[in-house]
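Shown below: protein_15.cif, with mmCIF, C-alpha atoms.
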data_coords
#
loop_
_atom_site.group_PDB
_atom_site.id
_atom_site.type_symbol
_atom_site.label_atom_id
_atom_site.label_comp_id
_atom_site.auth_asym_id
_atom_site.auth_seq_id
_atom_site.Cartn_x
_atom_site.Cartn_y
_atom_site.Cartn_z
ATOM 1 C CA MET B 1 96.808 92.703 129.279
ATOM 2 C CA MET B 2 97.711 95.752 131.311
ATOM 3 C CA ASN B 3 96.880 96.831 134.844
ATOM 4 C CA ILE B 4 97.206 100.343 136.148
ATOM 5 C CA GLY B 5 97.643 101.153 139.847
ATOM 6 C CA GLU B 6 97.519 104.690 141.174
ATOM 7 C CA GLU B 7 98.614 106.365 144.378
ATOM 8 C CA LYS B 8 99.583 109.878 145.358
ATOM 9 C CA LEU B 9 102.672 110.784 147.374
ATOM 10 C CA ASP B 10 102.866 114.510 148.174
ATOM 11 C CA SER B 11 102.353 116.205 144.816
ATOM 12 C CA VAL B 12 103.349 113.212 142.675
ATOM 13 C CA VAL B 13 100.819 110.762 141.261
ATOM 14 C CA ILE B 14 102.488 107.369 140.888
ATOM 15 C CA VAL B 15 101.018 105.300 138.086
ATOM 16 C CA ALA B 16 102.179 101.696 138.412
ATOM 17 C CA ILE B 17 102.007 99.989 135.025
ATOM 18 C CA GLU B 18 101.855 96.198 134.841
ATOM 19 C CA GLY B 19 101.899 94.082 131.700
ATOM 20 C CA ARG B 20 101.989 95.174 128.061
ATOM 21 C CA VAL B 21 101.624 98.739 126.828
ATOM 22 C CA ASP B 22 100.722 98.350 123.162
ATOM 23 C CA GLY B 23 98.161 99.486 120.612
ATOM 24 C CA THR B 24 95.412 97.592 122.424
ATOM 25 C CA THR B 25 96.111 98.804 125.958
ATOM 26 C CA ALA B 26 97.658 102.254 125.339
ATOM 27 C CA PRO B 27 94.271 104.066 125.005
ATOM 28 C CA GLU B 28 93.412 103.027 128.589
ATOM 29 C CA LEU B 29 96.680 104.528 129.832
ATOM 30 C CA GLU B 30 96.013 107.670 127.815
ATOM 31 C CA ASN B 31 92.535 108.034 129.355
ATOM 32 C CA ARG B 32 93.940 107.579 132.849
ATOM 33 C CA ILE B 33 96.561 110.288 132.281
ATOM 34 C CA SER B 34 93.891 112.649 130.943
ATOM 35 C CA GLU B 35 91.806 112.054 134.088
ATOM 36 C CA ILE B 36 94.806 112.698 136.348
ATOM 37 C CA VAL B 37 95.850 115.893 134.544
ATOM 38 C CA ASN B 38 92.259 117.144 134.230
ATOM 39 C CA ARG B 39 91.790 116.976 137.998
ATOM 40 C CA GLY B 40 94.835 119.207 138.427
ATOM 41 C CA ASP B 41 97.678 116.747 139.093
ATOM 42 C CA ALA B 42 100.482 117.369 136.620
ATOM 43 C CA HIS B 43 103.448 115.686 138.341
ATOM 44 C CA VAL B 44 103.236 112.037 137.332
ATOM 45 C CA LEU B 45 105.607 109.107 137.777
ATOM 46 C CA PHE B 46 105.199 105.981 135.656
ATOM 47 C CA ASP B 47 106.499 103.121 137.785
ATOM 48 C CA CYS B 48 107.355 100.544 135.110
ATOM 49 C CA ALA B 49 108.654 97.766 137.398
ATOM 50 C CA GLY B 50 105.824 95.508 136.182
ATOM 51 C CA MET B 51 105.787 96.657 132.548
ATOM 52 C CA THR B 52 106.846 93.723 130.379
ATOM 53 C CA TYR B 53 106.530 95.213 126.876
ATOM 54 C CA VAL B 54 106.165 98.587 125.194
ATOM 55 C CA SER B 55 105.380 99.068 121.494
ATOM 56 C CA SER B 56 105.438 102.190 119.318
ATOM 57 C CA ALA B 57 101.818 102.935 120.250
ATOM 58 C CA GLY B 58 102.808 102.696 123.913
ATOM 59 C CA LEU B 59 105.754 105.030 123.416
ATOM 60 C CA ARG B 60 103.482 107.563 121.704
ATOM 61 C CA ILE B 61 101.271 107.586 124.791
ATOM 62 C CA PHE B 62 104.363 108.179 126.955
ATOM 63 C CA LEU B 63 105.159 111.209 124.802
ATOM 64 C CA THR B 64 101.560 112.489 124.817
ATOM 65 C CA SER B 65 101.459 112.053 128.601
ATOM 66 C CA ALA B 66 104.733 113.950 129.053
ATOM 67 C CA ARG B 67 103.325 116.728 126.886
ATOM 68 C CA LYS B 68 100.063 116.911 128.854
ATOM 69 C CA CYS B 69 101.934 117.114 132.168
ATOM 70 C CA GLN B 70 104.269 119.792 130.805
ATOM 71 C CA GLN B 71 101.401 121.870 129.385
ATOM 72 C CA ASN B 72 99.788 121.820 132.809
ATOM 73 C CA GLY B 73 102.905 123.004 134.604
ATOM 74 C CA GLY B 74 104.131 119.591 135.707
ATOM 75 C CA LYS B 75 106.352 116.792 134.543
ATOM 76 C CA LEU B 76 106.238 113.112 133.661
ATOM 77 C CA MET B 77 108.971 110.838 134.985
ATOM 78 C CA ILE B 78 109.595 107.140 134.421
ATOM 79 C CA CYS B 79 111.214 104.689 136.820
ATOM 80 C CA ALA B 80 112.171 101.038 137.303
ATOM 81 C CA LEU B 81 112.259 99.982 133.646
ATOM 82 C CA GLN B 82 112.954 96.297 133.035
ATOM 83 C CA PRO B 83 115.981 95.632 130.757
ATOM 84 C CA ASP B 84 113.981 94.960 127.536
ATOM 85 C CA CYS B 85 111.797 98.045 127.930
ATOM 86 C CA LYS B 86 114.789 100.134 129.007
ATOM 87 C CA SER B 87 116.557 99.153 125.812
ATOM 88 C CA VAL B 88 113.528 100.236 123.704
ATOM 89 C CA ILE B 89 113.318 103.562 125.578
ATOM 90 C CA GLU B 90 117.039 104.223 125.147
ATOM 91 C CA THR B 91 117.244 103.179 121.492
ATOM 92 C CA SER B 92 114.423 105.539 120.667
ATOM 93 C CA GLY B 93 115.942 108.367 122.682
ATOM 94 C CA PHE B 94 112.921 108.751 124.974
ATOM 95 C CA HIS B 95 115.253 109.129 127.943
ATOM 96 C CA THR B 96 116.386 112.439 126.388
ATOM 97 C CA VAL B 97 112.874 113.919 126.546
ATOM 98 C CA ILE B 98 111.478 112.162 129.648
ATOM 99 C CA ASP B 99 113.429 111.863 132.930
ATOM 100 C CA CYS B 100 114.116 108.198 133.641
ATOM 101 C CA HIS B 101 115.233 106.902 137.048
ATOM 102 C CA ASP B 102 116.343 103.458 138.185
ATOM 103 C CA THR B 103 114.057 103.348 141.206
ATOM 104 C CA ARG B 104 110.842 104.906 142.478
ATOM 105 C CA GLU B 105 112.802 106.384 145.405
ATOM 106 C CA ALA B 106 115.312 108.062 143.090
ATOM 107 C CA ALA B 107 112.502 109.538 140.994
ATOM 108 C CA LEU B 108 110.652 110.868 144.043
ATOM 109 C CA ALA B 109 113.870 112.335 145.430
ATOM 110 C CA ALA B 110 114.442 114.112 142.098
ATOM 111 C CA ALA B 111 110.875 115.431 142.144
ATOM 112 C CA SER B 112 111.086 116.917 145.626
ATOM 113 C CA MET K 1 92.059 116.255 107.473
ATOM 114 C CA LEU K 2 95.408 115.810 105.738
ATOM 115 C CA THR K 3 97.304 112.542 105.945
ATOM 116 C CA PHE K 4 101.057 112.295 106.556
ATOM 117 C CA VAL K 5 101.354 111.458 102.847
ATOM 118 C CA ASP K 6 99.571 114.735 101.962
ATOM 119 C CA GLU K 7 101.637 116.780 104.394
ATOM 120 C CA ILE K 8 105.018 115.432 103.306
ATOM 121 C CA LEU K 9 104.103 115.866 99.632
ATOM 122 C CA LEU K 10 103.189 119.511 100.278
ATOM 123 C CA LEU K 11 106.627 119.985 101.839
ATOM 124 C CA MET K 12 108.294 118.227 98.892
ATOM 125 C CA LEU K 13 106.756 120.630 96.367
ATOM 126 C CA ASP K 14 108.267 123.918 95.315
ATOM 127 C CA ASP K 15 105.209 126.163 95.994
ATOM 128 C CA GLU K 16 105.547 128.505 93.055
ATOM 129 C CA LYS K 17 106.918 126.232 90.378
ATOM 130 C CA GLY K 18 104.708 123.354 91.466
ATOM 131 C CA SER K 19 107.500 120.876 90.765
ATOM 132 C CA PHE K 20 109.127 118.529 93.237
ATOM 133 C CA LEU K 21 112.291 119.549 95.059
ATOM 134 C CA PRO K 22 115.257 117.441 93.933
ATOM 135 C CA ILE K 23 114.710 114.201 95.872
ATOM 136 C CA ARG K 24 116.057 110.839 94.753
ATOM 137 C CA GLU K 25 113.270 108.514 93.548
ATOM 138 C CA SER K 26 114.236 105.747 96.015
ATOM 139 C CA THR K 27 114.230 108.266 98.885
ATOM 140 C CA MET K 28 110.784 109.523 97.901
ATOM 141 C CA GLY K 29 109.575 105.911 97.771
ATOM 142 C CA TYR K 30 110.767 105.111 101.295
ATOM 143 C CA VAL K 31 109.430 108.373 102.697
ATOM 144 C CA LEU K 32 105.974 107.892 101.157
ATOM 145 C CA ALA K 33 105.890 104.262 102.318
ATOM 146 C CA GLY K 34 106.805 105.427 105.834
ATOM 147 C CA ALA K 35 104.093 108.103 105.651
ATOM 148 C CA VAL K 36 101.465 105.466 104.762
ATOM 149 C CA LEU K 37 102.532 103.300 107.717
ATOM 150 C CA MET K 38 102.464 106.336 110.025
ATOM 151 C CA ASP K 39 98.922 107.139 108.851
ATOM 152 C CA LEU K 40 97.890 103.561 109.634
ATOM 153 C CA ALA K 41 99.691 103.618 113.004
ATOM 154 C CA PHE K 42 98.092 106.901 114.097
ATOM 155 C CA ALA K 43 94.689 105.554 113.036
ATOM 156 C CA ASN K 44 95.342 102.584 115.393
ATOM 157 C CA ARG K 45 95.293 100.081 112.535
ATOM 158 C CA ILE K 46 98.874 98.864 113.004
ATOM 159 C CA ASP K 47 101.455 98.817 115.771
ATOM 160 C CA THR K 48 105.201 98.217 115.624
ATOM 161 C CA ASP K 49 108.148 97.238 117.751
ATOM 162 C CA PRO K 50 111.777 96.795 116.663
ATOM 163 C CA ASN K 51 111.039 93.212 115.548
ATOM 164 C CA GLN K 52 107.603 93.248 113.942
ATOM 165 C CA LEU K 53 104.705 95.170 112.500
ATOM 166 C CA MET K 54 101.309 94.007 113.728
ATOM 167 C CA VAL K 55 97.793 94.654 112.428
ATOM 168 C CA LEU K 56 95.434 95.768 115.213
ATOM 169 C CA ASP K 57 92.342 96.484 113.142
ATOM 170 C CA LYS K 58 91.595 95.815 109.469
ATOM 171 C CA THR K 59 88.844 98.457 109.206
ATOM 172 C CA PRO K 60 89.588 100.766 106.242
ATOM 173 C CA ILE K 61 90.553 104.371 107.046
ATOM 174 C CA GLY K 62 88.981 105.793 103.882
ATOM 175 C CA HIS K 63 92.102 106.444 101.783
ATOM 176 C CA SER K 64 92.451 103.989 98.924
ATOM 177 C CA PRO K 65 96.211 103.304 98.804
ATOM 178 C CA HIS K 66 96.325 103.052 102.592
ATOM 179 C CA ASP K 67 93.387 100.665 102.751
ATOM 180 C CA ARG K 68 94.754 98.420 100.027
ATOM 181 C CA ILE K 69 98.142 98.333 101.761
ATOM 182 C CA LEU K 70 96.482 97.575 105.125
ATOM 183 C CA GLU K 71 94.623 94.715 103.469
ATOM 184 C CA ASN K 72 97.889 93.351 102.030
ATOM 185 C CA ILE K 73 99.662 93.545 105.386
ATOM 186 C CA ALA K 74 96.742 91.822 107.132
ATOM 187 C CA ALA K 75 96.677 89.084 104.464
ATOM 188 C CA SER K 76 100.399 88.343 104.779
ATOM 189 C CA ASP K 77 101.234 85.026 106.456
ATOM 190 C CA GLU K 78 104.726 86.182 107.245
ATOM 191 C CA THR K 79 105.598 88.325 110.283
ATOM 192 C CA ARG K 80 107.778 91.146 109.019
ATOM 193 C CA ASP K 81 109.254 94.227 110.629
ATOM 194 C CA ALA K 82 108.494 97.847 109.711
ATOM 195 C CA LYS K 83 111.615 98.113 107.549
ATOM 196 C CA ALA K 84 110.625 95.145 105.377
ATOM 197 C CA TRP K 85 107.168 96.653 104.856
ATOM 198 C CA ILE K 86 108.662 100.061 104.012
ATOM 199 C CA GLU K 87 110.733 98.398 101.287
ATOM 200 C CA THR K 88 107.694 96.558 99.876
ATOM 201 C CA ILE K 89 105.349 99.552 99.996
ATOM 202 C CA SER K 90 107.961 101.884 98.474
ATOM 203 C CA ARG K 91 107.386 100.120 95.134
ATOM 204 C CA GLU K 92 103.887 101.577 95.123
ATOM 205 C CA ALA K 93 105.133 105.139 95.663
ATOM 206 C CA PRO K 94 104.040 106.508 92.234
ATOM 207 C CA GLU K 95 100.439 105.487 92.904
ATOM 208 C CA ILE K 96 100.501 106.728 96.511
ATOM 209 C CA ARG K 97 101.836 110.065 95.261
ATOM 210 C CA GLU K 98 99.297 110.436 92.437
ATOM 211 C CA GLN K 99 96.322 109.610 94.653
ATOM 212 C CA SER K 100 97.382 112.092 97.309
ATOM 213 C CA LEU K 101 98.099 114.853 94.760
ATOM 214 C CA SER K 102 94.735 114.310 93.150
ATOM 215 C CA GLY K 103 93.049 114.619 96.577
ATOM 216 C CA LEU K 104 94.976 117.840 97.267
ATOM 217 C CA VAL K 105 93.782 119.204 93.899
ATOM 218 C CA ASP K 106 90.168 118.173 94.666
ATOM 219 C CA ASN K 107 90.408 119.958 98.027
ATOM 220 C CA GLY K 108 91.546 123.201 96.381
ATOM 221 C CA ILE K 109 95.024 123.144 97.958
ATOM 222 C CA LEU K 110 96.958 122.537 94.725
ATOM 223 C CA GLU K 111 96.123 122.987 91.067
ATOM 224 C CA SER K 112 97.214 120.636 88.363
ATOM 225 C CA GLN K 113 98.888 122.049 85.264
ATOM 226 C CA GLU K 114 100.183 120.062 82.360
ATOM 227 C CA GLU K 115 103.207 121.537 80.703
ATOM 228 C CA LYS K 116 104.773 120.606 77.391
ATOM 229 C CA PHE K 117 108.464 121.041 76.865
ATOM 230 C CA LEU K 118 110.658 120.334 73.865
ATOM 231 C CA TRP K 119 107.314 120.004 71.970
ATOM 232 C CA VAL K 120 106.809 116.369 72.886
ATOM 233 C CA PHE K 121 107.500 115.824 76.586
ATOM 234 C CA ARG K 122 104.778 116.507 79.074
ATOM 235 C CA ALA K 123 105.208 117.232 82.766
ATOM 236 C CA ARG K 124 102.575 117.770 85.374
ATOM 237 C CA ARG K 125 103.083 120.543 87.869
ATOM 238 C CA TYR K 126 101.195 121.270 91.055
ATOM 239 C CA PRO K 127 101.388 124.956 92.005
ATOM 240 C CA THR K 128 99.881 125.858 95.384
ATOM 241 C CA ILE K 129 96.621 127.772 95.292
ATOM 242 C CA ASP K 130 95.796 127.622 98.999
ATOM 243 C CA GLY K 131 98.989 127.770 101.045
ATOM 244 C CA ARG K 132 97.335 127.610 104.491
ATOM 245 C CA ALA K 133 97.774 123.860 104.949
ATOM 246 C CA GLU K 134 101.469 123.970 104.102
ATOM 247 C CA ARG K 135 102.066 127.073 106.223
ATOM 248 C CA GLU K 136 100.420 125.309 109.161
ATOM 249 C CA VAL K 137 102.660 122.245 108.649
ATOM 250 C CA LYS K 138 105.794 124.409 108.512
ATOM 251 C CA LEU K 139 104.674 126.313 111.600
ATOM 252 C CA ARG K 140 104.265 123.050 113.536
ATOM 253 C CA ILE K 141 107.744 121.895 112.481
ATOM 254 C CA THR K 142 109.431 125.184 113.390
ATOM 255 C CA GLY K 143 107.503 125.312 116.684
ATOM 256 C CA VAL K 144 108.904 121.936 117.724
ATOM 257 C CA LEU K 145 112.448 122.409 116.448
ATOM 258 C CA LEU K 146 112.942 125.892 117.888
ATOM 259 C CA SER K 147 111.676 125.022 121.378
ATOM 260 C CA ASP K 148 112.522 122.560 124.133
ATOM 261 C CA GLU K 149 108.909 121.527 124.620
ATOM 262 C CA THR K 150 107.930 117.866 124.578
ATOM 263 C CA PRO K 151 106.805 117.327 120.991
ATOM 264 C CA ASP K 152 103.478 115.969 119.821
ATOM 265 C CA PRO K 153 103.954 112.462 118.325
ATOM 266 C CA LYS K 154 102.418 113.619 115.018
ATOM 267 C CA ASP K 155 104.949 116.431 114.705
ATOM 268 C CA VAL K 156 107.726 113.969 115.584
ATOM 269 C CA ALA K 157 106.607 111.679 112.740
ATOM 270 C CA LEU K 158 106.491 114.515 110.233
ATOM 271 C CA ILE K 159 109.937 115.821 111.233
ATOM 272 C CA CYS K 160 111.354 112.284 110.815
ATOM 273 C CA LEU K 161 110.006 112.111 107.264
ATOM 274 C CA ALA K 162 111.076 115.658 106.356
ATOM 275 C CA ASP K 163 114.596 115.076 107.656
ATOM 276 C CA ALA K 164 114.851 111.682 105.926
ATOM 277 C CA CYS K 165 114.381 113.339 102.523
ATOM 278 C CA ASN K 166 116.419 116.375 103.501
ATOM 279 C CA ILE K 167 113.701 118.954 102.872
ATOM 280 C CA LEU K 168 114.077 120.796 106.173
ATOM 281 C CA ARG K 169 116.573 122.908 104.224
ATOM 282 C CA ASP K 170 113.563 124.353 102.429
ATOM 283 C CA VAL K 171 112.091 125.460 105.771
ATOM 284 C CA PHE K 172 115.276 126.625 107.527
ATOM 285 C CA SER K 173 118.464 128.351 106.372
ATOM 286 C CA ASP K 174 121.740 126.357 106.398
ATOM 287 C CA ARG K 175 122.854 128.271 109.468
ATOM 288 C CA GLU K 176 119.600 127.508 111.287
ATOM 289 C CA ILE K 177 119.853 123.834 110.328
ATOM 290 C CA SER K 178 123.340 123.591 111.866
ATOM 291 C CA ARG K 179 122.079 125.294 115.016
ATOM 292 C CA ILE K 180 119.061 123.009 115.443
ATOM 293 C CA ARG K 181 120.751 119.791 114.224
ATOM 294 C CA PRO K 182 121.029 118.365 117.797
ATOM 295 C CA ARG K 183 117.275 118.922 118.286
ATOM 296 C CA ILE K 184 116.490 117.324 114.879
ATOM 297 C CA ASP K 185 118.656 114.322 115.820
ATOM 298 C CA GLN K 186 116.863 114.040 119.163
ATOM 299 C CA ILE K 187 113.374 114.221 117.604
ATOM 300 C CA ARG K 188 113.948 111.894 114.664
ATOM 301 C CA LYS K 189 114.842 108.944 116.889
ATOM 302 C CA LEU K 190 111.526 109.140 118.730
ATOM 303 C CA ASP K 191 109.430 107.498 115.997
ATOM 304 C CA LEU K 192 110.238 103.889 115.123
ATOM 305 C CA ILE K 193 108.792 104.005 111.591
ATOM 306 C CA GLY K 194 110.617 107.281 110.934
ATOM 307 C CA ARG K 195 113.835 105.713 112.184
ATOM 308 C CA GLU K 196 113.410 102.762 109.822
ATOM 309 C CA VAL K 197 112.749 105.115 106.880
ATOM 310 C CA SER K 198 115.987 107.022 107.620
ATOM 311 C CA GLY K 199 117.881 103.742 108.008
ATOM 312 C CA ALA K 200 116.641 102.404 104.650
ATOM 313 C CA ILE K 201 117.592 105.658 102.895
ATOM 314 C CA GLN K 202 121.045 105.649 104.489
ATOM 315 C CA GLU K 203 121.641 102.077 103.337
ATOM 316 C CA ILE K 204 120.761 102.993 99.738
ATOM 317 C CA GLU K 205 123.000 106.059 99.866
ATOM 318 C CA GLN K 206 125.887 104.037 101.244
ATOM 319 C CA ALA K 207 125.397 101.417 98.513
ATOM 320 C CA ILE K 208 125.444 104.144 95.842
ATOM 321 C CA MET K 209 128.587 105.698 97.344
ATOM 322 C CA ALA K 210 130.253 102.273 97.475
ATOM 323 C CA ALA K 211 129.323 101.602 93.827
ATOM 324 C CA MET K 212 130.691 105.011 92.775
ATOM 325 C CA THR K 213 133.939 104.463 94.682
ATOM 326 C CA HIS K 214 134.245 101.012 93.113
ATOM 327 C CA ALA K 215 133.653 102.471 89.617
ATOM 328 C CA HIS K 216 136.451 105.007 90.168
ATOM 329 C CA HIS K 217 139.038 102.321 90.904
#
Please lay out the structure from this file as structure tokens.
Amino acid sequence: MMNIGEEKLDSVVIVAIEGRVDGTTAPELENRISEIVNRGDAHVLFDCAGMTYVSSAGLRIFLTSARKCQQNGGKLMICALQPDCKSVIETSGFHTVIDCHDTREAALAAAS
Amino acid sequence: MLTFVDEILLLMLDDEKGSFLPIRESTMGYVLAGAVLMDLAFANRIDTDPNQLMVLDKTPIGHSPHDRILENIAASDETRDAKAWIETISREAPEIREQSLSGLVDNGILESQEEKFLWVFRARRYPTIDGRAEREVKLRITGVLLSDETPDPKDVALICLADACNILRDVFSDREISRIRPRIDQIRKLDLIGREVSGAIQEIEQAIMAAMTHAHH
């Protein structure tokens, strides 16, 4: 199960992810990112405070999302990773290609 | 549409001679096994995390070795991680290789030539007759490695496999490889299956080195 919340603060669209991002749920996240980018918003923040699990399929969607934002002149950031997910992101080196912040506030400050 | 198995095999072949670049048999096995799993993962049939490989959908993808392997994984009672499956599937590498090469010949990308040497031995060679597919693959790899752009996950997977069997040296000069090594190291960690393939190859190499050192003493 995964829930996606969305709100916009200035030019940044905050996508709050709750639950598991895996092969079953990742396509929904991918569709949401496509909708956001297609309507012209390319600065996106994944707030992962409620994300409990991320698999390889989920990580691929993170990368595809970062690529879409970049190709449209924006950027994807990630914040508030829980320890297990943070460990997966760091082991796979995703923090070297996507900006990761401890809190939503820190990410928004970096974006402004 | 080419599979990861097709694309990595095209990179492993010397275009003109049609023979394989010098790659250890065990390395080729792990790389082809990883390529099969990547094909299944990108077709949303399997998913992985550091602890397990899970089947999401048993529907065949239309490539016979892949579909048989998917069936075997789905039928397994045991939960195993990607590395364990890479080791198991690597034993089927000769068949995976032959099926892919035969598809590449059928699609007019390679031709198959049988060559006799020393009057009795036969070797099959696969010279390239349509180099567009391979050029496109090399272009994608160079595009990612020579830029800072966020890579496409498919290009990440292919770079992982190419680096694991050390064939990027056929695409780049030694000097270029040293220059882009940090970027290669960054990219190759991004795919879990690719990381497991590299890890399995490193373990074999270390075991061989240890055995050689032991034999010297």
Problem set entry | Shortest interatomic distance to Ile184 in chain K - which of B:Leu81, B:Arg67, B:Gly93, B:Val88, counting only C-alpha atoms | B:Gly93
For this session: Take the PyMOL selection byres ((chain K) within 10 of (chain B)), apply it to the structure above, and return the hits as a VMD selection string.
Result: chain K and resid 41 to 42 44 to 50 52 to 57 148 to 154 156 185 to 193 195
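With only C-alpha atoms as the atoms that count, the residue of K:Ala211, K:Ile89, K:Leu10, K:Leu70 with the shortest distance to Val105 in chain K is K:Leu10.
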For this session: For Asp41 in chain B, list every protein, DNA or RNA residue within 8 Å, evaluated using all atoms listed in the file, and leave out those in the same chain fewer than 6 positions away; present the list as a list in words.
Result: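 Here the qualifying residues turn out to be Ser11, Val12, Val13 and Gly74 of chain B.
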Exercise. What is the distance between CA of Ile167 in chain K and CA of Asp6 in chain K, in Å to one decimal?
Worked result: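 So the two atoms, CA of Ile167 in chain K and CA of Asp6 in chain K, lie 14.8 Å apart.
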For this session: Return as JSON, numbers by chain the set of residues that the PyMOL selection byres ((chain K and resi 11-19) around 8) yields on the displayed structure.
Result: {"K": [7, 8, 9, 10, 20, 21, 124, 125, 126, 127, 128, 134, 162, 167]}
Problem set entry | Within 10 Å of file point (92.0, 101.4, 105.6), counting only C-alpha atoms, expressed as a VMD selection string | chain K and resid 39 to 40 43 45 57 to 71
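Non-sequential neighbours of Arg32 in chain B (distance at most 10 Å, separation of 5 or more positions within a chain, only C-alpha atoms) are Ile4, Glu6, Val15, Ala26, Pro27, Val37, Asn38 and Ser65 of chain B.
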Output C-alpha atoms for every residue in the selection just made, as a compact mmCIF listing (two decimals), in the frame of the given file.
# COMPACT_ATOMS: atom_id res chain seq x y z
CA ILE B 4 97.21 100.34 136.15
CA GLU B 6 97.52 104.69 141.17
CA VAL B 15 101.02 105.30 138.09
CA ALA B 26 97.66 102.25 125.34
CA PRO B 27 94.27 104.07 125.00
CA VAL B 37 95.85 115.89 134.54
CA ASN B 38 92.26 117.14 134.23
CA SER B 65 101.46 112.05 128.60
For this session: Could you state which residues are captured by the PyMOL selection byres ((chain B and resi 20) around 7) in this file, as a count of residues only?
Result: 10
Centre and size of axis-aligned box enclosing range 71-85 of chain B plus 4 Å each side, as JSON:
{"center_x": 107.9, "center_y": 109.0, "center_z": 132.4, "size_x": 24.2, "size_y": 36.0, "size_z": 17.8}
Exercise. What is the CA of Ser26 in chain K-CA of Ile204 in chain K distance in Å, reported with one decimal?
Worked result: 8.0 Å
Problem set entry | Between CA of Leu104 in chain K and CA of Leu2 in chain K, distance in Å (one decimal) |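 A separation of 8.7 Å between them.
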Exercise. Out of K:Cys160, K:Gly194, K:Gln113, K:Asp174, which residue has the shortest atom-to-atom distance to Leu101 in chain K when counting all atoms listed in the file?
Worked result: K:Gln113
